[in-house]
file protein-v9.txt (compact mmCIF, C-alpha atoms and all ligand atoms)
# COMPACT_ATOMS: atom_id res chain seq x y z
CA MET A 89 82.18 98.30 74.64
CA ASN A 90 82.12 101.30 76.93
CA ASN A 91 85.14 102.39 78.89
CA LEU A 92 83.53 102.83 82.26
CA LEU A 93 86.57 104.18 84.05
CA GLU A 94 89.75 105.58 82.58
CA GLY A 95 92.97 106.90 84.06
CA ILE A 96 94.92 109.06 81.66
CA ASP A 97 98.60 109.78 82.22
CA ILE A 98 98.27 109.50 86.00
CA SER A 99 101.21 110.44 88.20
CA VAL A 100 101.37 110.77 91.97
CA THR A 101 104.32 112.28 93.78
CA PHE A 102 104.51 112.26 97.57
CA LYS A 103 106.76 114.61 99.47
CA ALA A 104 108.13 113.05 102.63
CA TYR A 105 110.97 114.35 104.79
CA GLY A 106 112.40 116.42 101.94
CA ASP A 107 112.33 113.47 99.55
CA GLU A 108 110.03 113.06 96.59
CA ILE A 109 108.47 109.66 96.13
CA LEU A 110 107.20 108.96 92.64
CA ALA A 111 104.54 106.46 93.65
CA VAL A 112 102.75 106.38 90.26
CA ARG A 113 104.30 107.52 87.00
CA ASN A 114 102.44 108.32 83.78
CA VAL A 115 100.04 105.42 83.95
CA ASP A 116 97.14 104.85 81.54
CA PHE A 117 94.37 102.61 82.83
CA VAL A 118 91.05 101.39 81.40
CA LEU A 119 88.18 99.51 83.03
CA PRO A 120 85.68 98.44 80.34
CA GLU A 121 82.06 98.03 81.42
CA GLY A 122 81.26 94.59 82.86
CA LYS A 123 84.88 93.55 83.21
CA VAL A 124 87.22 92.73 86.04
CA VAL A 125 90.60 94.37 85.69
CA GLY A 126 93.51 93.48 87.93
CA ILE A 127 96.45 95.54 89.11
CA VAL A 128 99.27 93.34 90.32
CA GLY A 129 102.75 94.08 91.60
CA GLU A 130 105.09 93.84 94.56
CA SER A 131 104.65 95.70 97.81
CA GLY A 132 105.33 99.41 97.37
CA SER A 133 104.85 99.37 93.59
CA GLY A 134 102.04 101.96 93.77
CA LYS A 135 98.89 99.80 93.54
CA SER A 136 96.98 101.29 96.49
CA THR A 137 97.94 104.82 95.48
CA LEU A 138 96.55 104.25 91.99
CA ALA A 139 93.42 102.61 93.42
CA ARG A 140 92.82 105.68 95.59
CA VAL A 141 93.24 107.95 92.56
CA LEU A 142 90.71 105.92 90.58
CA SER A 143 88.24 106.06 93.45
CA GLY A 144 88.62 109.83 93.74
CA LEU A 145 90.14 109.78 97.23
CA GLN A 146 93.53 110.96 96.10
CA ILE A 147 94.02 113.82 93.65
CA PRO A 148 96.77 112.86 91.22
CA THR A 149 99.75 115.17 90.78
CA THR A 150 99.15 115.04 87.04
CA GLY A 151 96.63 113.29 84.83
CA GLN A 152 92.92 112.77 84.75
CA VAL A 153 90.35 110.14 85.73
CA LYS A 154 87.26 109.83 83.57
CA TYR A 155 83.98 108.06 84.29
CA LEU A 156 82.13 107.32 81.03
CA GLY A 157 84.29 109.91 79.30
CA GLU A 158 83.71 112.70 81.84
CA ASP A 159 86.30 114.04 84.23
CA ILE A 160 85.49 112.88 87.78
CA ARG A 161 86.61 116.28 89.06
CA GLN A 162 84.06 119.00 88.67
CA GLY A 163 85.10 122.32 90.13
CA SER A 164 86.34 121.64 93.61
CA GLY A 165 84.50 118.32 93.97
CA VAL A 166 85.18 114.76 92.88
CA TYR A 167 82.52 112.25 91.78
CA LYS A 168 79.64 114.66 92.21
CA GLY A 169 75.93 113.82 92.44
CA GLU A 170 74.91 110.34 91.31
CA LEU A 171 78.53 109.45 90.59
CA ARG A 172 79.33 109.56 94.28
CA LYS A 173 77.52 106.25 94.66
CA ALA A 174 78.74 104.72 91.43
CA VAL A 175 82.30 104.04 92.51
CA GLN A 176 82.93 102.34 95.85
CA MET A 177 86.22 101.28 97.31
CA VAL A 178 87.01 98.47 99.72
CA PHE A 179 90.22 99.25 101.53
CA GLN A 180 93.27 97.08 102.07
CA ASP A 181 92.61 97.44 105.79
CA PRO A 182 88.90 96.73 106.30
CA TYR A 183 89.02 98.46 109.69
CA SER A 184 89.23 101.76 107.84
CA SER A 185 85.85 101.30 106.16
CA LEU A 186 83.98 100.05 109.23
CA ASN A 187 83.18 102.22 112.21
CA PRO A 188 84.70 100.36 115.21
CA ARG A 189 81.91 101.56 117.50
CA MET A 190 79.08 100.31 115.34
CA ARG A 191 77.63 96.83 115.15
CA ILE A 192 77.99 95.39 111.65
CA ILE A 193 74.24 95.28 111.03
CA ASN A 194 73.93 98.95 112.05
CA ALA A 195 76.84 100.01 109.86
CA VAL A 196 75.30 98.31 106.84
CA THR A 197 71.80 99.59 107.68
CA GLU A 198 73.25 103.10 107.88
CA GLY A 199 74.65 102.63 104.35
CA VAL A 200 71.23 101.53 103.07
CA LEU A 201 69.56 104.53 104.75
CA GLN A 202 72.11 106.82 103.17
CA HIS A 203 71.73 105.42 99.68
CA GLN A 204 68.47 103.54 99.19
CA THR A 205 65.55 104.37 101.47
CA ASN A 206 64.42 106.45 104.46
CA ASP A 207 62.40 103.57 105.87
CA LYS A 208 64.38 102.24 108.85
CA GLN A 209 62.64 98.88 109.02
CA LEU A 210 63.08 98.28 105.30
CA ALA A 211 66.72 99.42 105.47
CA LYS A 212 67.41 96.88 108.19
CA GLU A 213 65.80 94.12 106.14
CA ILE A 214 67.87 95.03 103.07
CA ALA A 215 71.02 95.14 105.22
CA SER A 216 70.31 91.71 106.75
CA LYS A 217 69.77 90.21 103.31
CA LEU A 218 72.97 91.74 102.03
CA LEU A 219 74.97 90.43 104.99
CA LYS A 220 73.41 87.00 104.61
CA ARG A 221 74.44 87.01 100.98
CA MET A 222 77.97 87.84 102.10
CA GLY A 223 77.92 84.75 104.29
CA ILE A 224 77.62 86.63 107.58
CA SER A 225 75.20 85.04 110.01
CA GLU A 226 72.66 86.95 112.04
CA ILE A 227 74.67 86.38 115.19
CA ASP A 228 77.87 87.67 113.59
CA SER A 229 76.09 90.67 112.14
CA ARG A 230 75.29 91.83 115.68
CA LYS A 231 79.00 91.95 116.53
CA TYR A 232 81.38 94.90 116.43
CA PRO A 233 84.11 94.81 113.75
CA PHE A 234 86.86 93.83 116.21
CA SER A 235 85.09 90.62 117.18
CA LEU A 236 84.79 89.37 113.62
CA SER A 237 87.40 87.26 111.88
CA GLY A 238 89.53 88.91 109.20
CA GLY A 239 87.53 87.30 106.40
CA GLN A 240 84.20 88.26 107.94
CA ARG A 241 85.43 91.81 108.32
CA GLN A 242 86.46 91.89 104.64
CA ARG A 243 83.03 90.60 103.60
CA ALA A 244 81.27 93.06 105.91
CA SER A 245 83.13 95.94 104.31
CA VAL A 246 82.16 94.67 100.85
CA ALA A 247 78.52 94.60 102.09
CA ARG A 248 78.89 98.19 103.33
CA ALA A 249 80.24 99.26 99.92
CA LEU A 250 77.43 97.47 98.07
CA THR A 251 74.73 99.41 99.92
CA ALA A 252 75.46 102.24 97.47
CA GLN A 253 74.57 99.87 94.59
CA PRO A 254 77.76 100.87 92.80
CA LYS A 255 78.62 100.33 89.15
CA ILE A 256 82.26 99.86 90.06
CA LEU A 257 83.89 98.22 93.05
CA ILE A 258 87.56 98.97 93.61
CA ALA A 259 88.87 96.29 95.94
CA ASP A 260 92.36 96.73 97.37
CA GLU A 261 93.86 93.41 98.47
CA PRO A 262 90.51 91.96 99.49
CA THR A 263 91.97 88.55 100.20
CA SER A 264 95.09 89.55 102.08
CA ALA A 265 95.43 88.37 105.66
CA ILE A 266 92.69 85.77 105.36
CA ASP A 267 93.03 82.04 105.09
CA GLN A 268 92.28 79.81 102.13
CA SER A 269 88.66 78.99 102.97
CA ALA A 270 87.74 82.62 103.74
CA GLN A 271 89.47 83.53 100.48
CA SER A 272 87.44 81.12 98.42
CA GLN A 273 84.24 82.38 100.04
CA LEU A 274 85.11 85.94 99.10
CA LEU A 275 86.12 84.94 95.59
CA GLU A 276 82.85 83.08 95.13
CA LEU A 277 81.07 86.22 96.19
CA PHE A 278 82.98 88.34 93.70
CA GLY A 279 82.07 85.79 91.03
CA GLU A 280 78.38 86.38 91.80
CA LEU A 281 78.75 90.15 91.81
CA ILE A 282 80.48 89.98 88.44
CA LYS A 283 77.58 87.90 87.07
CA ASP A 284 75.23 90.60 88.36
CA GLY A 285 77.05 93.08 86.13
CA LEU A 286 79.34 94.83 88.60
CA SER A 287 82.64 96.01 87.11
CA ILE A 288 85.60 95.48 89.39
CA VAL A 289 89.11 96.82 89.79
CA LEU A 290 90.98 94.20 91.77
CA VAL A 291 94.27 95.15 93.37
CA SER A 292 96.35 92.26 94.60
CA HIS A 293 99.83 90.91 94.92
CA ASP A 294 98.28 87.43 94.87
CA LEU A 295 98.60 86.16 91.32
CA GLY A 296 96.33 83.20 92.00
CA VAL A 297 93.45 85.52 92.81
CA ILE A 298 94.22 87.73 89.82
CA ARG A 299 94.34 84.78 87.46
CA TYR A 300 91.10 83.34 88.77
CA LEU A 301 89.00 86.49 88.67
CA THR A 302 90.25 89.03 86.15
CA ASP A 303 89.78 89.51 82.41
CA PHE A 304 92.65 91.90 81.96
CA VAL A 305 95.76 92.67 84.04
CA TYR A 306 98.14 95.56 84.53
CA VAL A 307 101.51 94.62 85.99
CA MET A 308 103.00 97.39 88.11
CA GLU A 309 106.62 97.87 89.14
CA ASN A 310 107.99 101.00 90.84
CA GLY A 311 105.00 103.11 89.87
CA VAL A 312 105.00 102.09 86.22
CA PHE A 313 102.92 99.60 84.23
CA VAL A 314 105.57 97.31 82.78
CA GLU A 315 103.10 95.03 81.01
CA SER A 316 99.38 94.71 80.44
CA GLY A 317 97.10 92.36 78.57
CA GLU A 318 94.36 89.75 78.65
CA THR A 319 94.83 87.68 81.81
CA LYS A 320 95.29 84.44 79.86
CA ASP A 321 98.05 85.95 77.71
CA ILE A 322 99.85 87.49 80.66
CA PHE A 323 99.91 84.18 82.52
CA GLU A 324 100.76 81.97 79.57
CA LYS A 325 103.11 84.25 77.66
CA PRO A 326 104.46 86.96 79.92
CA LYS A 327 106.89 89.14 77.99
CA ASN A 328 108.34 91.34 80.67
CA PRO A 329 111.08 89.86 82.93
CA TYR A 330 109.38 91.31 86.03
CA THR A 331 106.09 89.62 85.10
CA GLN A 332 107.95 86.40 84.38
CA LYS A 333 109.58 86.59 87.80
CA LEU A 334 106.23 87.19 89.54
CA ILE A 335 104.59 84.30 87.71
CA SER A 336 107.42 81.85 88.16
CA SER A 337 107.20 82.50 91.90
CA ILE A 338 103.70 80.95 92.01
CA PRO A 339 104.14 77.49 93.52
CA GLY A 340 103.84 74.78 90.89
CA HIS A 341 103.60 77.21 88.01
CA SER A 342 105.77 77.06 84.94
CA ILE A 343 105.68 79.42 81.98
CA LYS A 344 105.01 77.74 78.69
N1 LIG B 401 100.74 109.25 102.01
C1 LIG B 401 101.95 108.89 101.59
N2 LIG B 401 103.03 109.68 101.84
C2 LIG B 401 104.26 109.35 101.42
N3 LIG B 401 104.54 108.22 100.72
C3 LIG B 401 103.52 107.41 100.44
C4 LIG B 401 102.18 107.68 100.86
N4 LIG B 401 101.37 106.66 100.42
C5 LIG B 401 102.17 105.82 99.78
N5 LIG B 401 103.45 106.25 99.76
C6 LIG B 401 104.61 105.59 99.12
O1 LIG B 401 104.26 105.35 97.77
C7 LIG B 401 104.77 104.09 97.34
C8 LIG B 401 103.63 103.21 96.83
O2 LIG B 401 102.79 102.86 97.93
P1 LIG B 401 101.46 102.01 97.75
O3 LIG B 401 100.79 101.95 99.06
O4 LIG B 401 100.70 102.58 96.61
O5 LIG B 401 102.05 100.58 97.34
P2 LIG B 401 101.31 99.17 97.15
O6 LIG B 401 101.71 98.67 95.81
O7 LIG B 401 99.88 99.31 97.45
O8 LIG B 401 102.02 98.25 98.25
P3 LIG B 401 101.40 97.02 99.15
O9 LIG B 401 101.36 95.83 98.24
O10 LIG B 401 102.40 96.87 100.24
O11 LIG B 401 100.07 97.43 99.64
C9 LIG B 401 105.53 103.51 98.52
O12 LIG B 401 106.89 103.83 98.38
C10 LIG B 401 104.91 104.23 99.71
O13 LIG B 401 105.83 104.33 100.77
MG MG B 402 98.63 98.50 98.87
call {"tool": "encode", "arguments": {"input": "protein-v9.txt", "output": "structure tokens"}}
result
Amino acid sequence: MNNLLEGIDISVTFKAYGDEILAVRNVDFVLPEGKVVGIVGESGSGKSTLARVLSGLQIPTTGQVKYLGEDIRQGSGVYKGELRKAVQMVFQDPYSSLNPRMRIINAVTEGVLQHQTNDKQLAKEIASKLLKRMGISEIDSRKYPFSLSGGQRQRASVARALTAQPKILIADEPTSAIDQSAQSQLLELFGELIKDGLSIVLVSHDLGVIRYLTDFVYVMENGVFVESGETKDIFEKPKNPYTQKLISSIPGHSIK
């Protein structure tokens, strides 16, 4: 099996007000092709920072990210050429990936025009289909981001990311701040995308979501991976006390 995306000895240090924050420390990460890999941990543990490094938006202080064995940094650029489309990120705050002054349908059409075709009519048709698939009605697709519900906004930003026809989707807390039914809709959608062969990095502090969707999990605490393994093993036989604590906090869950 191919390792689609790899993080090797990744560290990120932030300097803030004279202090150094070690947000990510010497982390090794692998996303095999066709798999869904989760990163789970408490707030502030470094999940979003690592997700940004993997998506090329944040240059790590040390370490390397490789896409199919090749460094994603080439000269002064990151994810050059075709690779630029291959890895798409959906942000924790979906407002940051949607232009507030653009109707949803136009934002998604713009993505299609950028990545798939120059034909405006065709681009609009592709965008409408994509939004429909994401469970966004024609009426809602004519709205601006602020007049959508949180779940609709999350799904719209997934649609925007998919216009690039990526190989990898890095989704940072895609189900946060949305209710149960919007969550299940989004999870169903991810299930379909996975069947279509998309590989996914799923960042979440919600262990239910991680358990349901991922094949493999990394457990993060204070910038470090304290445990990793097949999802089933992590949930049934967690070895690390921090993982045990996270899992035992799921309502109705007991560790065997
Ligand atoms: N740009 C930045 N400048 C300074 N510190 C930062 C910056 N971004 C993140 N940090 C710090 O790095 C640490 C990890 O933050 P990060 O956002 O990666 O956590 P997280 O696991 O995603 O948390 P959450 O679950 O709340 O989203 C935190 O202490 C945070 O304050
Ligand atoms: Mg985060």
call {"tool": "closest_residue", "arguments": {"input": "protein-v9.txt", "among": "A:Met222, A:Ile338, A:Leu138, A:Val305", "to": "ligand MG 402 (chain B)", "atoms": "only C-alpha atoms and all ligand atoms"}}
result
A:Leu138
call {"tool": "residues_around", "arguments": {"input": "protein-v9.txt", "residues": "A:Glu226", "least_positions_apart": "4", "cutoff": "12 Å", "atoms": "only C-alpha atoms", "output": "list in words"}}
result
Arg191, Ile192, Ile193, Lys212, Glu213, Ala215, Ser216, Lys217, Leu218, Leu219, Lys220, Arg221, Met222, Arg230 and Lys231 of chain A
call {"tool": "residues_near_ligand", "arguments": {"input": "protein-v9.txt", "ligand": "ligand LIG 401 (chain B)", "cutoff": "6 Å", "atoms": "all atoms listed in the file", "output": "list in words"}}
result
Phe102, Ala104, Ala111, Glu130, Ser131, Gly132, Ser133, Gly134, Lys135, Ser136 and Thr137 of chain A
call {"tool": "closest_residue", "arguments": {"input": "protein-v9.txt", "among": "A:Gly95, A:Gly223, A:Pro233, A:Gly129", "to": "A:Gly144", "atoms": "only C-alpha atoms"}}
result
A:Gly95
call {"tool": "atom_distance", "arguments": {"input": "protein-v9.txt", "atom1": "atom CA of A:Gly151", "atom2": "atom CA of A:Ile109"}}
result
16.8 Å
call {"tool": "atom_distance", "arguments": {"input": "protein-v9.txt", "atom1": "atom CA of A:Pro329", "atom2": "atom CA of A:Leu295"}}
result
15.5 Å
call {"tool": "atom_distance", "arguments": {"input": "protein-v9.txt", "atom1": "atom CA of A:Leu301", "atom2": "atom CA of A:Leu275"}}
result
7.7 Å
call {"tool": "closest_residue", "arguments": {"input": "protein-v9.txt", "among": "A:Lys123, A:Arg140, A:Lys103, A:Asn91", "to": "ligand MG 402 (chain B)", "atoms": "only C-alpha atoms and all ligand atoms"}}
result
A:Arg140
call {"tool": "closest_residue", "arguments": {"input": "protein-v9.txt", "among": "A:Gln152, A:Ser143, A:Gln271, A:Gln332", "to": "A:Gly296", "atoms": "all atoms listed in the file"}}
result
A:Gln271
call {"tool": "closest_residue", "arguments": {"input": "protein-v9.txt", "among": "A:Ser272, A:Ser316, A:Ser245, A:Thr205", "to": "A:Ala259", "atoms": "all atoms listed in the file"}}
result
A:Ser245
call {"tool": "closest_residue", "arguments": {"input": "protein-v9.txt", "among": "A:Ile282, A:Val289, A:Val100, A:Val307", "to": "A:Val175", "atoms": "only C-alpha atoms"}}
result
A:Val289
